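Text of the file target17.txt, holding compact mmCIF, C-alpha atoms and all ligand atoms:
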# COMPACT_ATOMS: atom_id res chain seq x y z
CA MET G 1 120.35 117.98 94.77
CA SER G 2 123.52 117.89 96.81
CA GLY G 3 123.81 121.04 98.90
CA GLN G 4 120.10 121.83 98.83
CA GLN G 5 118.78 122.51 102.31
CA ARG G 6 115.09 121.52 102.15
CA LEU G 7 112.98 119.28 99.96
CA GLY G 8 109.55 120.47 98.72
CA VAL G 9 106.99 117.76 99.51
CA GLY G 10 103.46 117.20 98.14
CA VAL G 11 101.26 114.56 99.78
CA ILE G 12 98.29 112.96 97.94
CA GLY G 13 95.65 111.43 100.23
CA ALA G 14 94.67 113.20 103.43
CA HIS G 15 93.07 110.61 105.63
CA ALA G 16 93.93 108.21 108.48
CA TRP G 17 97.40 107.02 107.51
CA ALA G 18 98.56 110.41 106.27
CA GLU G 19 97.52 111.90 109.61
CA GLN G 20 99.09 109.20 111.78
CA ALA G 21 102.31 108.54 109.91
CA HIS G 22 103.31 110.55 106.81
CA LEU G 23 102.44 114.11 107.85
CA PRO G 24 103.94 113.83 111.37
CA GLY G 25 107.09 112.49 109.70
CA TYR G 26 107.51 115.49 107.40
CA ARG G 27 106.52 118.00 110.06
CA ALA G 28 109.19 116.62 112.39
CA TYR G 29 112.02 116.68 109.86
CA GLU G 30 113.60 120.05 109.30
CA ARG G 31 114.95 119.07 105.87
CA ALA G 32 111.40 118.56 104.51
CA GLU G 33 109.02 121.35 103.65
CA LEU G 34 105.33 120.44 103.42
CA VAL G 35 104.33 122.44 100.35
CA ALA G 36 101.02 120.88 99.27
CA LEU G 37 98.34 118.40 100.27
CA CYS G 38 95.68 116.91 97.99
CA ASP G 39 92.49 114.92 98.55
CA THR G 40 89.47 114.45 96.33
CA VAL G 41 87.46 115.21 99.49
CA PRO G 42 88.37 118.91 99.98
CA GLU G 43 87.48 119.11 103.69
CA ARG G 44 89.97 116.35 104.46
CA ALA G 45 92.81 118.14 102.71
CA GLN G 46 91.90 121.46 104.32
CA HIS G 47 91.61 119.95 107.79
CA LEU G 48 95.00 118.21 107.70
CA ALA G 49 96.68 121.13 105.92
CA GLN G 50 95.66 123.34 108.81
CA MET G 51 96.74 120.79 111.40
CA PHE G 52 100.19 120.26 109.84
CA GLY G 53 100.82 123.75 108.46
CA VAL G 54 100.74 122.80 104.75
CA ARG G 55 100.71 125.90 102.51
CA LYS G 56 98.68 124.72 99.48
CA VAL G 57 95.60 122.52 99.12
CA TYR G 58 94.51 120.71 95.94
CA THR G 59 91.66 118.37 95.01
CA ASP G 60 93.23 117.33 91.70
CA ALA G 61 96.37 115.21 92.09
CA ALA G 62 97.68 116.33 88.67
CA GLU G 63 97.84 119.92 89.90
CA LEU G 64 99.87 118.94 92.96
CA ILE G 65 102.21 116.80 90.86
CA ASN G 66 102.81 119.66 88.42
CA ASP G 67 103.31 122.29 91.12
CA PRO G 68 106.91 123.47 90.53
CA GLU G 69 107.52 123.79 94.27
CA VAL G 70 106.76 120.07 94.75
CA GLN G 71 109.99 118.13 94.23
CA MET G 72 108.83 114.89 95.78
CA VAL G 73 105.34 113.34 95.61
CA ASP G 74 103.99 111.15 98.41
CA VAL G 75 101.16 108.79 97.38
CA CYS G 76 99.06 107.92 100.46
CA THR G 77 95.80 106.94 98.76
CA PRO G 78 93.94 103.58 98.37
CA THR G 79 95.74 100.68 96.69
CA ASP G 80 94.23 100.89 93.20
CA THR G 81 95.49 104.47 92.80
CA HIS G 82 99.12 103.89 93.86
CA LEU G 83 100.40 102.91 90.43
CA PRO G 84 98.71 105.58 88.26
CA LEU G 85 99.58 108.39 90.67
CA SER G 86 103.19 107.19 90.99
CA LEU G 87 103.54 106.93 87.21
CA ALA G 88 102.17 110.46 86.83
CA ALA G 89 104.75 111.74 89.34
CA ILE G 90 107.56 109.94 87.50
CA ALA G 91 106.38 111.34 84.15
CA ALA G 92 106.51 114.83 85.67
CA GLY G 93 110.12 114.22 86.78
CA LYS G 94 109.31 114.10 90.50
CA HIS G 95 110.80 111.79 93.13
CA VAL G 96 108.04 109.57 94.50
CA ILE G 97 107.20 107.52 97.55
CA SER G 98 104.16 105.24 97.34
CA GLU G 99 102.25 103.37 99.96
CA LYS G 100 102.34 99.63 99.52
CA PRO G 101 101.54 97.71 97.40
CA LEU G 102 102.59 99.64 94.31
CA ALA G 103 100.61 97.39 91.95
CA HIS G 104 98.63 94.16 91.94
CA ASP G 105 100.91 92.68 89.28
CA ALA G 106 104.67 92.61 89.84
CA GLN G 107 105.34 93.37 86.16
CA ASP G 108 103.62 96.75 86.52
CA ALA G 109 105.78 97.47 89.55
CA PHE G 110 108.98 96.49 87.69
CA GLU G 111 107.92 98.74 84.83
CA ALA G 112 107.41 101.67 87.23
CA ALA G 113 110.90 101.04 88.66
CA ARG G 114 112.35 101.06 85.13
CA LEU G 115 110.52 104.26 84.20
CA ALA G 116 111.77 105.99 87.35
CA GLN G 117 115.32 104.97 86.57
CA ALA G 118 114.99 106.23 82.99
CA ALA G 119 113.56 109.54 84.26
CA GLY G 120 116.37 109.91 86.80
CA VAL G 121 114.01 110.18 89.76
CA ARG G 122 114.22 108.36 93.04
CA THR G 123 111.58 106.05 94.49
CA LYS G 124 110.64 104.60 97.84
CA LEU G 125 108.01 102.09 98.92
CA GLY G 126 106.34 102.70 102.27
CA PHE G 127 107.65 99.53 103.88
CA THR G 128 107.17 100.89 107.39
CA PHE G 129 108.80 98.10 109.36
CA ARG G 130 112.22 98.38 107.71
CA TYR G 131 112.42 101.59 109.74
CA SER G 132 111.86 99.97 113.12
CA PRO G 133 115.03 100.61 115.19
CA ALA G 134 114.96 96.96 116.37
CA VAL G 135 114.66 95.61 112.81
CA ARG G 136 117.45 97.90 111.60
CA GLN G 137 119.66 96.56 114.42
CA ILE G 138 118.99 93.00 113.29
CA LYS G 139 119.91 93.98 109.74
CA ARG G 140 123.20 95.47 111.04
CA TRP G 141 123.91 92.23 112.95
CA ILE G 142 123.33 90.26 109.73
CA ASP G 143 125.52 92.57 107.62
CA ASP G 144 128.43 92.75 110.10
CA GLY G 145 128.47 88.98 110.67
CA THR G 146 127.32 89.06 114.30
CA LEU G 147 124.63 86.47 113.54
CA GLY G 148 126.94 84.39 111.31
CA GLU G 149 125.51 82.32 108.49
CA ILE G 150 121.74 82.80 108.39
CA PHE G 151 119.83 79.52 108.65
CA HIS G 152 116.23 80.43 109.46
CA VAL G 153 114.12 83.58 109.16
CA HIS G 154 110.63 83.66 110.62
CA GLY G 155 108.32 86.53 109.76
CA LEU G 156 104.83 87.28 111.03
CA GLU G 157 102.53 90.15 110.29
CA GLN G 158 99.31 89.55 112.11
CA ASN G 159 96.75 91.34 114.26
CA SER G 160 92.98 91.30 114.72
CA GLN G 161 92.15 94.35 112.58
CA PHE G 162 89.36 92.57 110.64
CA LEU G 163 88.37 89.81 113.08
CA ASP G 164 85.12 91.60 113.92
CA PRO G 165 82.88 91.19 110.82
CA SER G 166 81.14 94.49 111.60
CA TYR G 167 84.39 96.43 111.16
CA PRO G 168 84.21 97.46 107.49
CA LEU G 169 86.75 95.91 105.16
CA ARG G 170 88.60 98.40 102.94
CA GLN G 171 90.47 98.09 99.72
CA VAL G 172 88.60 95.37 97.83
CA PRO G 173 90.16 95.38 94.33
CA ALA G 174 87.86 96.78 91.64
CA GLY G 175 86.21 94.02 89.59
CA ALA G 176 87.10 91.18 92.00
CA ASP G 177 84.82 88.08 92.00
CA TRP G 178 83.49 87.95 95.56
CA ASN G 179 82.73 84.21 95.29
CA ALA G 180 86.35 83.27 94.56
CA LEU G 181 89.18 83.71 97.07
CA ILE G 182 90.44 87.32 96.89
CA PRO G 183 94.07 87.68 98.03
CA SER G 184 93.94 90.30 100.77
CA SER G 185 96.06 89.92 103.92
CA ILE G 186 98.84 88.57 101.70
CA VAL G 187 98.61 91.79 99.67
CA GLY G 188 98.15 94.37 102.44
CA TYR G 189 100.33 92.78 105.11
CA GLY G 190 102.29 90.31 103.02
CA SER G 191 103.87 92.99 100.84
CA HIS G 192 105.59 94.37 103.96
CA LEU G 193 106.48 91.06 105.42
CA LEU G 194 107.91 89.49 102.27
CA ASP G 195 110.09 92.56 101.80
CA LEU G 196 111.30 92.50 105.39
CA VAL G 197 112.25 88.83 105.22
CA ARG G 198 113.95 89.31 101.83
CA TRP G 199 115.94 92.22 103.30
CA CYS G 200 117.31 89.82 105.93
CA ALA G 201 117.63 86.56 104.01
CA GLY G 202 118.31 87.72 100.44
CA GLU G 203 116.47 86.70 97.29
CA TYR G 204 113.69 84.14 97.38
CA LYS G 205 114.34 80.93 95.44
CA SER G 206 111.01 79.10 95.91
CA VAL G 207 107.83 79.58 97.90
CA ILE G 208 104.76 77.57 98.80
CA GLY G 209 101.71 78.97 100.52
CA SER G 210 98.21 78.31 101.76
CA LEU G 211 95.63 81.11 101.63
CA HIS G 212 92.31 80.91 103.48
CA ASN G 213 89.06 82.76 104.14
CA TYR G 214 88.03 82.43 107.82
CA VAL G 215 85.34 85.14 108.16
CA PRO G 216 82.92 84.61 105.23
CA GLU G 217 80.49 87.47 105.89
CA ARG G 218 81.43 91.01 106.81
CA LEU G 219 80.74 94.68 106.24
CA VAL G 220 82.55 96.13 103.24
CA ARG G 221 83.21 99.85 102.96
CA GLY G 222 80.82 101.41 100.44
CA TYR G 223 78.17 98.64 100.70
CA GLU G 224 75.02 98.41 102.87
CA GLY G 225 74.68 95.46 105.29
CA MET G 226 76.62 92.21 105.67
CA GLN G 227 78.24 90.90 102.49
CA ARG G 228 79.32 87.41 101.55
CA ILE G 229 82.87 87.93 100.37
CA MET G 230 85.64 85.34 100.10
CA VAL G 231 88.58 87.48 101.16
CA GLU G 232 91.78 85.78 102.14
CA ASP G 233 92.25 86.80 105.76
CA GLY G 234 95.12 84.45 106.63
CA THR G 235 98.13 83.00 104.80
CA ALA G 236 100.84 80.60 105.92
CA ALA G 237 103.92 80.07 103.76
CA LEU G 238 107.33 78.44 103.52
CA ALA G 239 110.27 79.89 101.62
CA GLU G 240 113.66 78.74 100.37
CA PHE G 241 116.25 81.43 99.71
CA VAL G 242 119.06 81.53 97.16
CA SER G 243 121.49 81.61 100.13
CA GLY G 244 120.15 78.26 101.36
CA ALA G 245 118.29 79.81 104.30
CA GLN G 246 114.74 78.73 105.09
CA GLY G 247 111.78 80.96 105.91
CA ILE G 248 108.45 80.55 107.68
CA LEU G 249 105.92 83.31 107.15
CA GLN G 250 102.40 84.17 108.21
CA THR G 251 100.10 87.06 107.43
CA SER G 252 96.72 87.40 109.11
CA TYR G 253 94.37 90.17 110.01
CA ILE G 254 92.13 87.94 112.11
CA ALA G 255 94.82 86.73 114.56
CA VAL G 256 94.13 88.08 118.04
CA GLY G 257 96.83 90.54 119.06
CA ASN G 258 97.74 94.19 118.94
CA TYR G 259 99.09 96.32 116.10
CA PRO G 260 101.17 96.17 114.08
CA GLY G 261 101.78 92.54 115.02
CA VAL G 262 105.07 92.14 113.21
CA GLU G 263 107.61 89.67 114.49
CA LEU G 264 110.97 88.91 112.92
CA ARG G 265 113.18 86.08 114.15
CA VAL G 266 116.57 85.44 112.60
CA TYR G 267 118.64 82.40 113.55
CA GLY G 268 122.27 82.20 112.43
CA SER G 269 125.39 80.14 113.18
CA ARG G 270 126.75 82.72 115.66
CA GLY G 271 123.59 84.18 117.17
CA ALA G 272 119.87 84.75 117.01
CA ALA G 273 117.72 87.86 117.27
CA VAL G 274 114.01 88.45 117.75
CA ALA G 275 112.30 91.77 117.09
CA ARG G 276 108.72 92.00 118.31
CA LEU G 277 106.87 94.99 116.90
CA VAL G 278 103.67 94.71 118.91
CA GLU G 279 102.43 97.65 120.95
CA GLU G 280 102.33 96.12 124.44
CA GLY G 281 102.96 97.46 127.93
CA GLY G 282 103.25 100.98 126.54
CA VAL G 283 106.22 100.30 124.25
CA ALA G 284 106.26 99.98 120.47
CA GLU G 285 108.75 97.13 120.17
CA THR G 286 111.29 94.88 121.90
CA LEU G 287 114.55 93.30 120.75
CA HIS G 288 116.14 90.11 122.13
CA PHE G 289 119.43 88.45 121.32
CA ALA G 290 121.09 85.09 122.12
CA THR G 291 124.42 83.42 121.29
CA PRO G 292 125.43 79.74 121.22
CA ASP G 293 127.26 80.16 124.56
CA GLN G 294 124.42 82.20 126.14
CA VAL G 295 121.28 80.63 124.73
CA GLU G 296 118.92 82.44 127.05
CA PHE G 297 117.55 85.38 125.03
CA ARG G 298 118.35 88.71 126.68
CA LYS G 299 116.66 92.03 126.12
CA ILE G 300 118.67 94.61 124.21
CA ASP G 301 118.20 98.32 124.87
CA LEU G 302 119.27 100.40 121.89
CA PRO G 303 120.99 103.78 122.34
CA SER G 304 118.86 106.90 121.88
CA THR G 305 120.67 107.54 118.57
CA ALA G 306 118.74 104.57 117.11
CA TYR G 307 115.55 106.65 117.35
CA PRO G 308 114.60 109.74 115.36
CA PRO G 309 115.26 112.84 117.49
CA GLY G 310 112.34 113.50 119.83
CA THR G 311 110.99 109.92 119.69
CA THR G 312 111.25 107.06 122.16
CA LEU G 313 109.85 103.55 122.48
CA HIS G 314 106.72 105.24 123.87
CA THR G 315 106.04 107.12 120.61
CA PRO G 316 103.08 105.53 118.76
CA TRP G 317 104.50 103.07 116.23
CA PRO G 318 103.13 104.71 113.04
CA GLU G 319 104.83 107.96 113.96
CA LEU G 320 108.03 106.35 115.26
CA TYR G 321 108.61 104.28 112.13
CA TYR G 322 107.51 106.92 109.62
CA ARG G 323 109.60 109.65 111.20
CA ASN G 324 112.56 107.33 110.72
CA LEU G 325 111.56 106.37 107.16
CA ILE G 326 111.10 109.98 106.13
CA ARG G 327 114.43 111.20 107.43
CA TYR G 328 116.21 108.38 105.55
CA TRP G 329 114.19 109.13 102.39
CA VAL G 330 114.73 112.88 102.41
CA ASP G 331 118.46 112.43 103.12
CA GLU G 332 118.74 109.93 100.24
CA ILE G 333 117.39 112.58 97.86
CA LEU G 334 119.12 115.69 99.19
CA ASP G 335 122.50 114.03 99.81
CA GLU G 336 122.33 111.74 96.75
CA LEU G 337 122.81 108.64 98.90
CA PRO G 338 122.22 105.08 97.65
CA GLY G 339 118.49 104.27 97.50
CA GLU G 340 116.97 101.75 99.88
CA CYS G 341 113.51 100.19 99.86
CA THR G 342 112.78 101.38 96.33
CA PHE G 343 110.06 100.57 93.78
CA TYR G 344 112.33 97.73 92.66
CA ASP G 345 112.09 96.24 96.16
CA GLY G 346 108.33 96.76 95.96
CA ALA G 347 108.27 94.86 92.68
CA LYS G 348 110.30 91.98 94.16
CA SER G 349 107.89 91.80 97.08
CA GLN G 350 104.89 91.84 94.73
CA GLN G 351 106.50 89.11 92.63
CA THR G 352 106.59 86.93 95.75
CA VAL G 353 102.98 87.80 96.64
CA ASN G 354 101.97 86.75 93.12
CA ALA G 355 104.02 83.52 93.43
CA LEU G 356 102.31 82.62 96.71
CA VAL G 357 98.87 83.17 95.20
CA GLN G 358 99.87 80.96 92.26
CA SER G 359 101.28 78.35 94.65
CA HIS G 360 97.99 78.22 96.55
CA ARG G 361 95.93 77.91 93.36
CA GLU G 362 98.16 75.23 91.86
CA ARG G 363 98.97 73.49 95.18
CA ARG G 364 102.75 73.43 94.52
CA TRP G 365 106.12 75.16 95.09
CA ILE G 366 106.77 78.11 92.76
CA ASP G 367 110.31 79.15 91.74
CA LEU G 368 111.14 82.83 91.53
CA PRO G 369 113.32 84.25 88.75
CA PRO G 370 116.79 84.76 90.25
CA GLU G 371 117.99 87.56 88.00
CA ARG G 372 117.84 91.25 88.89
CA GLU G 373 115.46 92.79 86.36
CA ALA G 374 116.74 96.33 86.70
CA SER G 375 119.36 98.20 88.59
CA VAL G 376 117.45 100.99 90.19
CA PRO G 377 119.09 103.64 92.35
N1 LIG X 1 102.63 101.28 105.49
C1 LIG X 1 101.74 100.97 106.44
O1 LIG X 1 102.12 100.41 107.47
C2 LIG X 1 100.31 101.34 106.24
C3 LIG X 1 99.41 101.40 107.31
C4 LIG X 1 98.10 101.84 107.06
C5 LIG X 1 97.71 102.17 105.77
N2 LIG X 1 98.60 102.06 104.75
C6 LIG X 1 98.24 102.41 103.36
O2 LIG X 1 98.17 103.82 103.25
C7 LIG X 1 97.19 104.17 102.26
C8 LIG X 1 96.20 105.18 102.85
O3 LIG X 1 95.56 104.58 103.96
P1 LIG X 1 94.29 105.27 104.66
O4 LIG X 1 93.88 104.34 105.74
O5 LIG X 1 94.58 106.68 104.98
O6 LIG X 1 93.25 105.17 103.43
P2 LIG X 1 91.86 105.89 103.26
O7 LIG X 1 91.19 105.15 102.14
O8 LIG X 1 91.17 106.01 104.58
O9 LIG X 1 92.23 107.37 102.77
C9 LIG X 1 92.76 107.63 101.51
C10 LIG X 1 92.46 109.05 101.12
O10 LIG X 1 92.87 109.24 99.75
C11 LIG X 1 91.89 110.02 99.09
N3 LIG X 1 92.01 109.76 97.64
C12 LIG X 1 91.63 108.64 96.98
N4 LIG X 1 91.94 108.75 95.67
C13 LIG X 1 92.51 109.98 95.52
C14 LIG X 1 93.05 110.66 94.39
N5 LIG X 1 93.05 110.10 93.19
N6 LIG X 1 93.55 111.90 94.58
C15 LIG X 1 93.55 112.45 95.82
N7 LIG X 1 93.06 111.85 96.91
C16 LIG X 1 92.55 110.62 96.77
C17 LIG X 1 90.58 109.60 99.71
O11 LIG X 1 89.58 110.59 99.52
C18 LIG X 1 90.97 109.42 101.16
O12 LIG X 1 90.80 110.60 101.91
C19 LIG X 1 96.53 102.86 101.83
O13 LIG X 1 97.13 102.40 100.65
C20 LIG X 1 96.87 101.88 102.95
O14 LIG X 1 96.97 100.56 102.53
C21 LIG X 1 99.88 101.67 104.98
Could you spell out this file's structure in structure tokens?
Amino acid sequence: MSGQQRLGVGVIGAHAWAEQAHLPGYRAYERAELVALCDTVPERAQHLAQMFGVRKVYTDAAELINDPEVQMVDVCTPTDTHLPLSLAAIAAGKHVISEKPLAHDAQDAFEAARLAQAAGVRTKLGFTFRYSPAVRQIKRWIDDGTLGEIFHVHGLEQNSQFLDPSYPLRQVPAGADWNALIPSSIVGYGSHLLDLVRWCAGEYKSVIGSLHNYVPERLVRGYEGMQRIMVEDGTAALAEFVSGAQGILQTSYIAVGNYPGVELRVYGSRGAAVARLVEEGGVAETLHFATPDQVEFRKIDLPSTAYPPGTTLHTPWPELYYRNLIRYWVDEILDELPGECTFYDGAKSQQTVNALVQSHRERRWIDLPPEREASVP
């Protein structure tokens, strides 16, 4: 696609997250052209198409996927639909970005990555927080040696989204037994967090985790009245990495605090960095840095070039991070750049989610396979 000026984009799913994050991202990037929007609820697609100037509206995802003007498909629908819609896009020879998680089982996600590679199409997982300017700065400090050898990585993704039992829970997997613990925060939040920590510390070697249900009765979207449902709303975990680094992780959607509630702390032999992605005091995130000879953490202000044009730390976080994600993604496709945050990375994250669930059930450390299953662009 080298030399092509604009990428034709089709978005499937026209609700809250598409409105807050994906569609503002495409609208703001001049190299993307919003061709089509699809939702099974036609009014939603029509409403957002009008708001974001999208030319075509569909209610059948297959029609959007097969539209010749759509070169890249964006899957922004509920979890259970991510895999089938992504596979349909791959089969049609379209580049595809999916919201997380791609699949409940890592093997399905690895298979999707393999199929995309075989079809010669590019993939991206919507791991929002990799596109935080503060997190990307920490990654640069790891890669250029500023932090030295990495000893410890701490990752949190927690906020109080579902603390109030009368706030309806979404995304309960079809067919789940409501009387047995249903992995939930570790799936919805953990898929991000495990990817972020892996990006910084390298491949996981072993993990051990504890999953828990704290709020036993709550409203569930699509059901009348309070429901008894054993969803996992908090997970704490330890990790060992192939590099020898250690990790401490927590996911929770009942921990009091603001969105998105992501915190990344990296401690190395030459320095330490803390990114706090919590909307507080009117800013989306903060970054702090310390060195062995100046152990008091100091605040780092990044240059304006770290932010997508037209955004600042005062831009709402979903828009700030997705505008960044989308410009990287569109450039990867149009300029044939190396892929980052692909379906393969989604599969590796899911593999670790699955290992933590197994660890909890079997009350033991679980080793992760070290080999790279596929080399995916
Ligand atoms: N990356 C992040 O930080 C982040 C944050 C919030 C939400 N999300 C994810 O984004 C996705 C969308 O979130 P949301 O809150 O907008 O969900 P939602 O359930 O409110 O909306 C999804 C929309 O998809 C439509 N839809 C469902 N199946 C469809 C199909 N087969 N074809 C066309 N349309 C279909 C629904 O009608 C609905 O309008 C979810 O997977 C969610 O987990 C990610």
Selection within 9 Å of ligand LIG 1 (chain X) by all atoms listed in the file, output as an MDAnalysis selection string: chainID G and resid 11:21 37:42 44:45 58:62 75:82 84:85 98:102 125:129 170:171 188:189 192 260 318 321:322
Go ahead and write the selection's residues with C-alpha atoms as a tab-separated table (two decimals), in the coordinates of the input.
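File selection_34.tsv, as written:
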chain	number	residue	atom	x	y	z
G	11	VAL	CA	101.26	114.56	99.78
G	12	ILE	CA	98.29	112.96	97.94
G	13	GLY	CA	95.65	111.43	100.23
G	14	ALA	CA	94.67	113.20	103.43
G	15	HIS	CA	93.07	110.61	105.63
G	16	ALA	CA	93.93	108.21	108.48
G	17	TRP	CA	97.40	107.02	107.51
G	18	ALA	CA	98.56	110.41	106.27
G	19	GLU	CA	97.52	111.90	109.61
G	20	GLN	CA	99.09	109.20	111.78
G	21	ALA	CA	102.31	108.54	109.91
G	37	LEU	CA	98.34	118.40	100.27
G	38	CYS	CA	95.68	116.91	97.99
G	39	ASP	CA	92.49	114.92	98.55
G	40	THR	CA	89.47	114.45	96.33
G	41	VAL	CA	87.46	115.21	99.49
G	42	PRO	CA	88.37	118.91	99.98
G	44	ARG	CA	89.97	116.35	104.46
G	45	ALA	CA	92.81	118.14	102.71
G	58	TYR	CA	94.51	120.71	95.94
G	59	THR	CA	91.66	118.37	95.01
G	60	ASP	CA	93.23	117.33	91.70
G	61	ALA	CA	96.37	115.21	92.09
G	62	ALA	CA	97.68	116.33	88.67
G	75	VAL	CA	101.16	108.79	97.38
G	76	CYS	CA	99.06	107.92	100.46
G	77	THR	CA	95.80	106.94	98.76
G	78	PRO	CA	93.94	103.58	98.37
G	79	THR	CA	95.74	100.68	96.69
G	80	ASP	CA	94.23	100.89	93.20
G	81	THR	CA	95.49	104.47	92.80
G	82	HIS	CA	99.12	103.89	93.86
G	84	PRO	CA	98.71	105.58	88.26
G	85	LEU	CA	99.58	108.39	90.67
G	98	SER	CA	104.16	105.24	97.34
G	99	GLU	CA	102.25	103.37	99.96
G	100	LYS	CA	102.34	99.63	99.52
G	101	PRO	CA	101.54	97.71	97.40
G	102	LEU	CA	102.59	99.64	94.31
G	125	LEU	CA	108.01	102.09	98.92
G	126	GLY	CA	106.34	102.70	102.27
G	127	PHE	CA	107.65	99.53	103.88
G	128	THR	CA	107.17	100.89	107.39
G	129	PHE	CA	108.80	98.10	109.36
G	170	ARG	CA	88.60	98.40	102.94
G	171	GLN	CA	90.47	98.09	99.72
G	188	GLY	CA	98.15	94.37	102.44
G	189	TYR	CA	100.33	92.78	105.11
G	192	HIS	CA	105.59	94.37	103.96
G	260	PRO	CA	101.17	96.17	114.08
G	318	PRO	CA	103.13	104.71	113.04
G	321	TYR	CA	108.61	104.28	112.13
G	322	TYR	CA	107.51	106.92	109.62
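Using all atoms listed in the file for every distance, the candidate list G:Leu302, G:Leu313, G:Val357, G:Val256 yields G:Val357 as the residue closest to Ala236 of chain G.
Going from atom CA of His22 of chain G to atom CA of Glu319 of chain G covers 7.8 Å.
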Close residues, Lys94 of chain G itself excluded, 8 Å, all atoms listed in the file, min 4 positions apart in chain, as a tab-separated table (two decimals) with C-alpha atoms, in the coordinates of the input:
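Okay, this is what ended up in selection18.tsv:
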chain	number	residue	atom	x	y	z
G	65	ILE	CA	102.21	116.80	90.86
G	70	VAL	CA	106.76	120.07	94.75
G	71	GLN	CA	109.99	118.13	94.23
G	72	MET	CA	108.83	114.89	95.78
G	73	VAL	CA	105.34	113.34	95.61
G	89	ALA	CA	104.75	111.74	89.34
G	90	ILE	CA	107.56	109.94	87.50
G	121	VAL	CA	114.01	110.18	89.76
G	122	ARG	CA	114.22	108.36	93.04
Pairwise distance for atom CA of Leu115 of chain G and atom CA of Val187 of chain G, rounded to one decimal in Å: 23.2 Å
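Nearest residue to Ala347 of chain G, choosing from G:Asp143, G:Asp105, G:Glu33, G:Asp293 and counting all atoms listed in the file: G:Asp105.
Take atom CA of Val9 of chain G and atom CA of Leu337 of chain G: the distance between them is 18.3 Å.
Nearest residue to Trp329 of chain G, choosing from G:Lys124, G:Lys139, G:His152, G:His47 and counting only C-alpha atoms: G:Lys124.
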Proximity to Glu217 of chain G - best of G:Gly268, G:Pro168, G:Pro309, G:Gly339, all atoms listed in the file: G:Pro168
